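The file model-v3.txt contains compact mmCIF, C-alpha atoms:
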# COMPACT_ATOMS: atom_id res chain seq x y z
CA MET S 616 -27.96 -7.30 -155.15
CA THR S 617 -27.20 -6.51 -158.76
CA LEU S 618 -24.93 -3.56 -159.48
CA PRO S 619 -26.52 -1.43 -162.22
CA VAL S 620 -24.62 -0.37 -165.34
CA GLY S 621 -22.64 2.76 -164.53
CA THR S 622 -21.80 1.72 -160.96
CA ARG S 623 -18.24 2.61 -160.00
CA VAL S 624 -16.53 -0.36 -158.44
CA ARG S 625 -13.14 -1.11 -156.93
CA VAL S 626 -11.57 -4.52 -157.48
CA ARG S 627 -10.70 -6.09 -154.15
CA PRO S 628 -6.98 -5.97 -153.55
CA GLY S 629 -5.06 -8.86 -152.13
CA ASP S 630 -3.70 -12.10 -153.44
CA PRO S 631 -5.84 -15.11 -152.53
CA ASP S 632 -4.07 -18.40 -151.95
CA HIS S 633 -6.56 -20.20 -154.21
CA HIS S 634 -7.54 -20.02 -157.88
CA THR S 635 -9.19 -16.78 -158.92
CA ARG S 636 -10.07 -14.99 -162.14
CA VAL S 637 -9.03 -11.55 -160.96
CA PRO S 638 -6.05 -10.54 -163.08
CA ARG S 639 -3.31 -9.10 -160.92
CA TYR S 640 -3.19 -5.87 -162.94
CA ALA S 641 -6.78 -4.96 -161.99
CA ARG S 642 -6.50 -5.50 -158.24
CA GLY S 643 -7.28 -2.39 -156.21
CA HIS S 644 -8.29 -0.35 -159.26
CA VAL S 645 -11.54 1.52 -159.93
CA GLY S 646 -13.69 0.96 -162.99
CA ALA S 647 -17.32 1.20 -164.05
CA VAL S 648 -19.85 -1.55 -164.77
CA VAL S 649 -20.68 -1.49 -168.51
CA ALA S 650 -22.77 -4.69 -168.68
CA VAL S 651 -24.40 -7.25 -166.43
CA LEU S 652 -23.43 -10.53 -168.11
CA GLY S 653 -25.35 -13.15 -166.16
CA GLU S 654 -25.01 -15.54 -163.26
CA TRP S 655 -22.21 -18.06 -163.43
CA ALA S 656 -20.46 -20.25 -160.88
CA LEU S 657 -17.71 -18.35 -159.08
CA PRO S 658 -14.48 -19.98 -160.36
CA ASP S 659 -12.77 -19.59 -156.97
CA ASP S 660 -15.38 -22.01 -155.60
CA SER S 661 -16.12 -24.18 -158.61
CA VAL S 662 -12.51 -25.38 -158.79
CA ARG S 663 -13.10 -26.75 -155.29
CA GLY S 664 -16.29 -28.49 -156.35
CA ILE S 665 -18.68 -25.86 -155.00
CA GLN S 666 -21.14 -24.54 -157.59
CA ARG S 667 -22.23 -21.11 -156.42
CA PRO S 668 -23.77 -18.98 -159.18
CA GLU S 669 -23.08 -15.31 -158.84
CA THR S 670 -23.59 -12.22 -161.00
CA CYS S 671 -20.71 -11.45 -163.35
CA TYR S 672 -20.13 -7.97 -164.78
CA ALA S 673 -18.14 -6.43 -167.59
CA VAL S 674 -16.15 -3.65 -165.90
CA ARG S 675 -14.26 -0.98 -167.84
CA PHE S 676 -11.04 0.67 -166.66
CA PRO S 677 -9.21 3.62 -168.23
CA ALA S 678 -5.62 2.66 -169.06
CA ALA S 679 -4.36 5.55 -166.94
CA GLU S 680 -6.11 4.03 -163.90
CA LEU S 681 -4.44 0.66 -164.47
CA TRP S 682 -1.03 1.68 -165.69
CA GLY S 683 -0.63 5.38 -164.99
CA SER S 684 -0.60 6.16 -168.71
CA GLY S 685 -2.25 5.24 -172.00
CA ASP S 686 -5.38 6.46 -173.80
CA HIS S 687 -7.19 3.12 -174.24
CA THR S 688 -9.67 1.28 -172.02
CA VAL S 689 -9.58 -2.31 -170.78
CA THR S 690 -12.85 -4.12 -170.12
CA LEU S 691 -12.79 -7.35 -168.16
CA ASP S 692 -15.36 -9.65 -166.64
CA LEU S 693 -15.50 -9.74 -162.86
CA TRP S 694 -17.77 -11.63 -160.47
CA GLU S 695 -19.55 -9.70 -157.74
CA SER S 696 -17.34 -11.20 -154.99
CA TYR S 697 -14.38 -9.48 -156.61
CA LEU S 698 -15.91 -6.00 -156.33
CA ASP S 699 -16.78 -3.31 -153.82
CA ARG S 700 -18.70 -0.15 -154.63
CA ALA S 701 -16.20 2.67 -155.09
CA MET K 1195 -5.07 -41.23 -180.71
CA THR K 1196 -5.23 -40.28 -184.36
CA GLU K 1197 -3.81 -37.45 -186.49
CA HIS K 1198 -3.71 -34.97 -183.60
CA ASP K 1199 -0.81 -36.97 -182.16
CA ASN K 1200 1.80 -35.17 -184.28
CA HIS K 1201 3.60 -33.61 -181.32
CA ALA K 1202 3.66 -36.71 -179.15
CA GLY K 1203 7.25 -36.08 -178.06
CA LEU K 1204 6.58 -32.70 -176.44
CA PRO K 1205 6.28 -32.47 -172.64
CA VAL K 1206 2.90 -30.78 -172.98
CA ALA K 1207 1.67 -33.72 -175.05
CA ALA K 1208 2.62 -36.09 -172.24
CA ARG K 1209 0.66 -33.94 -169.79
CA VAL K 1210 -2.37 -33.85 -172.10
CA ARG K 1211 -2.21 -37.60 -172.55
CA ARG K 1212 -2.04 -38.10 -168.78
CA LEU K 1213 -5.10 -35.86 -168.35
CA GLU K 1214 -6.93 -37.88 -171.00
CA GLU K 1215 -6.02 -41.07 -169.16
CA ARG K 1216 -7.36 -39.71 -165.89
CA LEU K 1217 -10.64 -38.69 -167.58
CA ILE K 1218 -10.94 -42.13 -169.11
CA GLU K 1219 -10.10 -43.90 -165.82
CA ALA K 1220 -12.73 -41.80 -164.04
CA GLY K 1221 -15.32 -42.84 -166.61
CA LEU K 1222 -15.89 -39.23 -167.70
CA ALA K 1223 -14.88 -39.77 -171.33
CA SER K 1224 -13.64 -42.49 -173.64
CA ASP K 1225 -10.76 -42.32 -176.08
CA ALA K 1226 -13.29 -42.57 -178.91
CA GLU K 1227 -15.31 -39.66 -177.55
CA ILE K 1228 -12.23 -37.47 -177.23
CA ASP K 1229 -11.14 -38.34 -180.77
CA ALA K 1230 -14.65 -37.74 -182.11
CA PHE K 1231 -14.81 -34.33 -180.45
CA LEU K 1232 -11.43 -33.26 -181.80
CA THR K 1233 -12.36 -34.48 -185.28
CA TRP K 1234 -15.61 -32.51 -185.11
CA LEU K 1235 -13.76 -29.45 -183.85
CA TYR K 1236 -11.12 -29.40 -186.57
CA ARG K 1237 -13.73 -30.05 -189.26
CA ASN K 1238 -16.25 -27.43 -188.13
CA ALA K 1239 -14.52 -24.76 -186.07
CA ALA K 1240 -12.96 -22.25 -188.44
CA PRO K 1241 -12.76 -18.48 -188.89
CA VAL K 1242 -14.95 -18.74 -191.98
CA ASN K 1243 -17.85 -19.11 -189.50
CA GLY K 1244 -17.16 -15.78 -187.82
CA ALA K 1245 -16.51 -14.26 -191.24
CA ARG K 1246 -19.94 -15.32 -192.48
CA MET K 1247 -21.55 -13.76 -189.40
CA ALA K 1248 -19.67 -10.49 -189.96
CA ALA K 1249 -20.58 -10.36 -193.65
CA ARG K 1250 -24.24 -11.02 -192.87
CA ALA K 1251 -24.20 -8.19 -190.31
CA TRP K 1252 -22.79 -5.84 -192.96
CA THR K 1253 -25.77 -6.39 -195.26
CA ASP K 1254 -28.63 -7.15 -192.86
CA PRO K 1255 -29.35 -4.50 -190.17
CA GLU K 1256 -31.68 -6.83 -188.28
CA TYR K 1257 -28.99 -9.50 -188.13
CA ARG K 1258 -26.45 -6.93 -187.02
CA ALA K 1259 -28.72 -5.88 -184.15
CA LEU K 1260 -29.17 -9.51 -183.13
CA LEU K 1261 -25.43 -10.19 -183.38
CA LEU K 1262 -24.63 -7.30 -181.06
CA SER K 1263 -27.39 -8.06 -178.54
CA ASP K 1264 -27.41 -11.88 -178.50
CA GLY K 1265 -24.37 -13.42 -180.17
CA ASN K 1266 -25.44 -17.00 -179.47
CA ALA K 1267 -28.78 -16.47 -181.22
CA ALA K 1268 -27.02 -14.84 -184.17
CA ALA K 1269 -24.62 -17.78 -184.43
CA ALA K 1270 -27.54 -20.21 -184.37
CA VAL K 1271 -29.23 -18.37 -187.28
CA LEU K 1272 -26.30 -19.45 -189.46
CA GLY K 1273 -26.22 -22.96 -188.00
CA PHE K 1274 -23.32 -22.50 -185.57
CA GLY K 1275 -23.39 -23.74 -182.00
CA PRO K 1276 -24.80 -24.36 -179.50
CA MET K 1277 -21.81 -22.99 -177.61
CA SER K 1278 -21.03 -23.52 -173.94
CA TYR K 1279 -20.32 -19.82 -173.39
CA GLN K 1280 -22.01 -16.46 -173.85
CA LEU K 1281 -20.89 -14.94 -177.15
CA ARG K 1282 -20.44 -11.18 -177.01
CA VAL K 1283 -19.72 -9.35 -180.25
CA VAL K 1284 -18.21 -5.87 -180.19
CA ALA K 1285 -18.43 -3.67 -183.28
CA ASN K 1286 -15.64 -1.58 -184.75
CA SER K 1287 -16.53 1.82 -186.17
CA SER K 1288 -14.90 5.14 -186.95
CA SER K 1289 -15.24 5.96 -183.25
CA VAL K 1290 -13.82 2.79 -181.64
CA HIS K 1291 -11.44 -0.06 -182.43
CA ASN K 1292 -11.90 -3.23 -180.38
CA VAL K 1293 -9.31 -5.92 -179.73
CA ILE K 1294 -9.67 -9.20 -177.85
CA VAL K 1295 -7.20 -10.81 -175.47
CA CYS K 1296 -7.26 -13.37 -172.68
CA THR K 1297 -4.58 -12.40 -170.17
CA LEU K 1298 -5.21 -15.42 -167.93
CA CYS K 1299 -5.03 -18.11 -170.64
CA SER K 1300 -6.24 -18.09 -174.27
CA CYS K 1301 -10.05 -17.95 -174.26
CA TYR K 1302 -11.89 -16.98 -177.40
CA PRO K 1303 -14.86 -18.40 -179.35
CA VAL K 1304 -13.17 -21.44 -180.92
CA ALA K 1305 -16.34 -22.62 -182.70
CA LEU K 1306 -16.41 -19.39 -184.72
CA LEU K 1307 -12.70 -18.59 -185.04
CA GLY K 1308 -11.08 -22.02 -185.12
CA PRO K 1309 -8.10 -23.05 -182.97
CA SER K 1310 -6.30 -19.95 -181.67
CA PRO K 1311 -3.09 -18.83 -183.35
CA GLY K 1312 0.15 -19.31 -181.40
CA TRP K 1313 0.64 -15.58 -180.96
CA TYR K 1314 -2.78 -15.26 -179.31
CA ARG K 1315 -1.58 -17.67 -176.62
CA SER K 1316 1.86 -16.03 -176.26
CA PHE K 1317 2.86 -14.25 -173.06
CA ALA K 1318 3.91 -11.24 -175.14
CA TYR K 1319 0.47 -10.74 -176.74
CA ARG K 1320 -1.40 -11.46 -173.51
CA SER K 1321 0.63 -9.12 -171.35
CA ARG K 1322 1.23 -6.29 -173.80
CA THR K 1323 -2.24 -5.95 -175.36
CA VAL K 1324 -3.84 -4.69 -172.15
CA ARG K 1325 -0.92 -2.33 -171.52
CA GLU K 1326 0.07 -0.91 -174.91
CA PRO K 1327 -2.48 -2.03 -177.52
CA ARG K 1328 -1.54 0.61 -180.09
CA ALA K 1329 2.06 -0.61 -180.12
CA VAL K 1330 0.94 -4.24 -180.41
CA LEU K 1331 -1.48 -3.43 -183.24
CA ALA K 1332 1.24 -1.47 -185.04
CA GLU K 1333 3.40 -4.60 -184.97
CA PHE K 1334 0.54 -6.38 -186.76
CA GLY K 1335 0.69 -3.61 -189.37
CA LEU K 1336 -2.37 -1.84 -188.03
CA VAL K 1337 -1.54 1.78 -187.25
CA LEU K 1338 -4.66 3.47 -185.92
CA ALA K 1339 -5.30 7.21 -186.03
CA HIS K 1340 -4.72 8.75 -182.62
CA ASP K 1341 -8.29 10.00 -182.42
CA VAL K 1342 -9.72 6.48 -182.73
CA PRO K 1343 -10.14 5.12 -179.18
CA VAL K 1344 -8.92 1.58 -178.54
CA SER K 1345 -11.11 -0.71 -176.44
CA VAL K 1346 -9.41 -3.87 -175.15
CA TRP K 1347 -11.58 -6.80 -173.98
CA ASP K 1348 -9.93 -9.24 -171.58
CA SER K 1349 -11.87 -12.54 -171.52
CA THR K 1350 -11.78 -13.50 -167.85
CA SER K 1351 -15.18 -15.20 -167.47
CA ASP K 1352 -17.69 -17.50 -169.16
CA ALA K 1353 -18.18 -14.90 -171.90
CA ARG K 1354 -16.23 -15.08 -175.16
CA TYR K 1355 -15.63 -12.06 -177.35
CA MET K 1356 -15.51 -11.55 -181.11
CA VAL K 1357 -14.93 -8.33 -183.04
CA LEU K 1358 -17.28 -7.25 -185.82
CA PRO K 1359 -14.97 -5.38 -188.21
CA ALA K 1360 -16.25 -2.29 -190.01
CA ARG K 1361 -17.29 -2.95 -193.61
CA PRO K 1362 -14.57 -1.71 -195.96
CA ALA K 1363 -15.43 1.09 -198.35
CA GLY K 1364 -15.99 0.15 -201.98
CA THR K 1365 -17.58 -3.24 -201.26
CA GLU K 1366 -21.17 -2.26 -202.11
CA GLU K 1367 -21.31 -4.56 -205.15
CA LEU K 1368 -20.00 -7.69 -203.44
CA GLY K 1369 -22.19 -10.68 -202.58
CA ALA K 1370 -22.33 -12.50 -199.26
CA ASP K 1371 -19.60 -15.03 -200.08
CA GLU K 1372 -17.26 -12.35 -201.44
CA LEU K 1373 -17.82 -10.18 -198.36
CA ALA K 1374 -17.15 -13.13 -196.05
CA GLY K 1375 -13.97 -13.78 -198.02
CA LEU K 1376 -12.65 -10.36 -196.98
CA VAL K 1377 -12.85 -11.11 -193.26
CA THR K 1378 -9.75 -12.58 -191.64
CA LEU K 1379 -9.17 -14.29 -188.32
CA ASN K 1380 -7.11 -11.28 -187.24
CA GLY K 1381 -10.01 -9.00 -188.18
CA LEU K 1382 -12.31 -10.99 -185.88
CA ILE K 1383 -9.78 -10.70 -183.02
CA GLY K 1384 -9.10 -7.03 -183.75
CA THR K 1385 -5.46 -7.25 -184.80
CA ALA K 1386 -6.45 -6.28 -188.36
CA LEU K 1387 -9.06 -3.87 -189.70
CA VAL K 1388 -10.96 -6.63 -191.54

Here is the file; what I need is its structure written in the form of structure tokens.
Amino acid sequence: MTLPVGTRVRVRPGDPDHHTRVPRYARGHVGAVVAVLGEWALPDDSVRGIQRPETCYAVRFPAAELWGSGDHTVTLDLWESYLDRA
Amino acid sequence: MTEHDNHAGLPVAARVRRLEERLIEAGLASDAEIDAFLTWLYRNAAPVNGARMAARAWTDPEYRALLLSDGNAAAAVLGFGPMSYQLRVVANSSSVHNVIVCTLCSCYPVALLGPSPGWYRSFAYRSRTVREPRAVLAEFGLVLAHDVPVSVWDSTSDARYMVLPARPAGTEELGADELAGLVTLNGLIGTALV
């Protein structure tokens, strides 16, 4: 299931006890998919020797959503396992 | 080890050397291969590569379109790469200013920008750029008008980002080499206008 550009997504909250590429500042926050980048191995698995390709998205967040203030946006790349539809 | 052994006394150098030893013990690389790669990297990876791509995009609309849609293909046109990551180029204009950061470590397209500057790897740059980019840019001497939106790109995946600066006014008469000479490493990261 690929999330189309424009989809509003929430980054899964929580703090896994293994490696992940979800920056802490984005956890639990809502953004929008701005690009579908491709399918790459999920780093949470690949560091444990499991190669599981998964769709990765560029997701954009307004600064106010992340920090409560600011007029910029932050776009970061997030694998599908990190996201729920918002 | 050859000339890149200048900081052999630092704790990080001991850790790097131990990693190299483990790779060599595991048969994944040889000392000669590691040295050859580093020699290639320092000889070929430099911001003049990204600068040439930017200058070409300023004068060649077809190349600009390719650069913004398929960065790897655009790099290959000028003989750069292949790269092990997806290159994504984001263009500055009067309606957006882009800046690149890697909050988790220090990712960026080394083949096109050269080894990253110390400040790019600093905790201060990595933590503050996503939170207060206008203040960070102002400390680089880049004070943006308030009506120019700032777009921060945090490299958290297998993609690497590069900024295409806007072509400065008054450069219509310059040739490709002169245009490329205007583009700085900071311009390609987004901490300078060009």

Checklist line | Selected residue of minimal separation from Asp659 (chain S) among S:Ala641, S:Leu693, S:Ala673, S:Val624, counting all atoms listed in the file | finding: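 So, comparing all the options, the nearest one is S:Leu693.
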
Note to self: Applying 9 Å and only C-alpha atoms, which residues near Phe676 (chain S) remain after dropping the ones on its own chain fewer than 5 positions away? List them as a ChimeraX atom specification.
What the structure shows: /S:641,644-647,681,687-691

Margin query: For a quick test of understanding: name the residues of chain K lying within 7 Å of chain S when counting only C-alpha atoms, and present them as a ChimeraX atom specification.
Written below: /K:1298,1324,1343-1351

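Rounded to one decimal, CA of Pro1205 (chain K) and CA of Val1295 (chain K) lie 25.7 Å from each other.
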
Notebook entry, point to check: Given the choices K:Ala1240, K:Ala1363, K:Ala1220, K:Val1290, which gets closest to Asp1341 (chain K) if the distance is worked out from all atoms listed in the file?
Noted result: K:Val1290

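Taking only C-alpha atoms into account, the residues near (-18.6, -4.6, -155.6), no farther than 10 Å, are S:Met616, S:Thr617, S:Leu618, S:Thr622, S:Arg623, S:Val624, S:Arg625, S:Val626, S:Arg627, S:Val648, S:Tyr672, S:Leu693, S:Trp694, S:Glu695, S:Ser696, S:Tyr697, S:Leu698, S:Asp699, S:Arg700, S:Ala701.
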
Pop region 1252-1357 of chain K out of the structure in the block and write C-alpha atoms as a short mmCIF file (atom, residue, chain, number, x, y, z; two decimals), in the first residue's frame.
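Final output, out04.cif:
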data_model
loop_
_atom_site.label_atom_id
_atom_site.label_comp_id
_atom_site.auth_asym_id
_atom_site.auth_seq_id
_atom_site.Cartn_x
_atom_site.Cartn_y
_atom_site.Cartn_z
CA TRP K 1252 21.48 28.07 -14.46
CA THR K 1253 22.19 28.12 -18.20
CA ASP K 1254 20.51 24.95 -19.48
CA PRO K 1255 16.75 24.59 -18.73
CA GLU K 1256 16.73 20.95 -19.82
CA TYR K 1257 19.57 20.16 -17.44
CA ARG K 1258 17.82 22.03 -14.66
CA ALA K 1259 14.68 19.94 -15.18
CA LEU K 1260 16.75 16.75 -15.09
CA LEU K 1261 18.64 17.89 -11.99
CA LEU K 1262 15.41 18.51 -10.11
CA SER K 1263 13.70 15.30 -11.24
CA ASP K 1264 16.59 12.81 -11.28
CA GLY K 1265 19.69 14.08 -9.49
CA ASN K 1266 21.69 10.91 -10.10
CA ALA K 1267 21.16 11.15 -13.87
CA ALA K 1268 22.12 14.83 -13.81
CA ALA K 1269 25.31 14.02 -11.89
CA ALA K 1270 26.16 11.31 -14.41
CA VAL K 1271 25.81 13.79 -17.31
CA LEU K 1272 28.81 15.66 -15.88
CA GLY K 1273 30.71 12.46 -15.11
CA PHE K 1274 29.97 12.24 -11.38
CA GLY K 1275 28.93 9.03 -9.66
CA PRO K 1276 27.56 6.44 -9.64
CA MET K 1277 26.44 7.19 -6.10
CA SER K 1278 25.08 4.70 -3.59
CA TYR K 1279 22.18 6.98 -2.66
CA GLN K 1280 19.31 8.81 -4.32
CA LEU K 1281 20.34 12.41 -4.98
CA ARG K 1282 17.52 14.91 -4.49
CA VAL K 1283 18.15 18.51 -5.47
CA VAL K 1284 15.95 21.28 -4.10
CA ALA K 1285 15.90 24.67 -5.82
CA ASN K 1286 16.02 28.04 -4.12
CA SER K 1287 13.92 30.85 -5.57
CA SER K 1288 12.34 34.11 -4.51
CA SER K 1289 9.55 32.04 -2.94
CA VAL K 1290 11.57 29.47 -0.94
CA HIS K 1291 14.96 29.07 0.69
CA ASN K 1292 16.10 25.49 1.29
CA VAL K 1293 18.65 24.31 3.83
CA ILE K 1294 20.01 20.80 4.43
CA VAL K 1295 20.74 19.12 7.74
CA CYS K 1296 21.14 15.60 9.07
CA THR K 1297 19.90 15.57 12.65
CA LEU K 1298 20.76 11.89 13.20
CA CYS K 1299 24.37 12.03 11.97
CA SER K 1300 25.97 14.00 9.10
CA CYS K 1301 24.60 12.65 5.81
CA TYR K 1302 24.99 14.67 2.65
CA PRO K 1303 26.18 13.93 -0.91
CA VAL K 1304 29.93 13.66 -0.26
CA ALA K 1305 30.78 12.89 -3.90
CA LEU K 1306 29.39 16.28 -4.94
CA LEU K 1307 30.18 18.41 -1.88
CA GLY K 1308 33.39 16.88 -0.56
CA PRO K 1309 33.96 15.90 3.08
CA SER K 1310 31.47 17.71 5.32
CA PRO K 1311 32.59 20.76 7.28
CA GLY K 1312 32.94 20.38 11.05
CA TRP K 1313 30.01 22.68 11.73
CA TYR K 1314 27.73 20.49 9.61
CA ARG K 1315 28.48 17.61 11.96
CA SER K 1316 28.16 19.72 15.13
CA PHE K 1317 25.36 19.11 17.62
CA ALA K 1318 24.55 22.83 17.52
CA TYR K 1319 23.92 22.91 13.75
CA ARG K 1320 22.07 19.59 13.73
CA SER K 1321 19.75 20.43 16.60
CA ARG K 1322 19.13 24.11 15.92
CA THR K 1323 18.60 24.05 12.14
CA VAL K 1324 15.32 22.12 12.38
CA ARG K 1325 14.13 24.32 15.25
CA GLU K 1326 15.25 27.86 14.42
CA PRO K 1327 16.71 27.92 10.89
CA ARG K 1328 16.41 31.68 10.44
CA ALA K 1329 18.55 32.28 13.53
CA VAL K 1330 21.12 29.72 12.38
CA LEU K 1331 21.27 31.21 8.88
CA ALA K 1332 21.66 34.70 10.35
CA GLU K 1333 24.73 33.45 12.22
CA PHE K 1334 26.14 32.42 8.83
CA GLY K 1335 25.51 35.99 7.68
CA LEU K 1336 22.41 35.08 5.72
CA VAL K 1337 19.47 37.20 6.87
CA LEU K 1338 16.42 36.23 4.85
CA ALA K 1339 13.41 38.46 4.27
CA HIS K 1340 10.54 37.40 6.50
CA ASP K 1341 8.29 36.72 3.53
CA VAL K 1342 10.69 34.12 2.10
CA PRO K 1343 9.63 30.73 3.50
CA VAL K 1344 12.38 28.49 4.84
CA SER K 1345 12.26 24.79 3.98
CA VAL K 1346 14.53 22.53 6.06
CA TRP K 1347 15.41 19.05 4.74
CA ASP K 1348 16.49 16.51 7.35
CA SER K 1349 18.35 13.61 5.67
CA THR K 1350 17.09 10.58 7.57
CA SER K 1351 17.06 7.96 4.80
CA ASP K 1352 18.93 6.66 1.77
CA ALA K 1353 18.29 9.96 -0.01
CA ARG K 1354 20.87 12.75 0.04
CA TYR K 1355 19.97 16.38 -0.51
CA MET K 1356 21.69 19.25 -2.28
CA VAL K 1357 20.49 22.83 -2.71
#
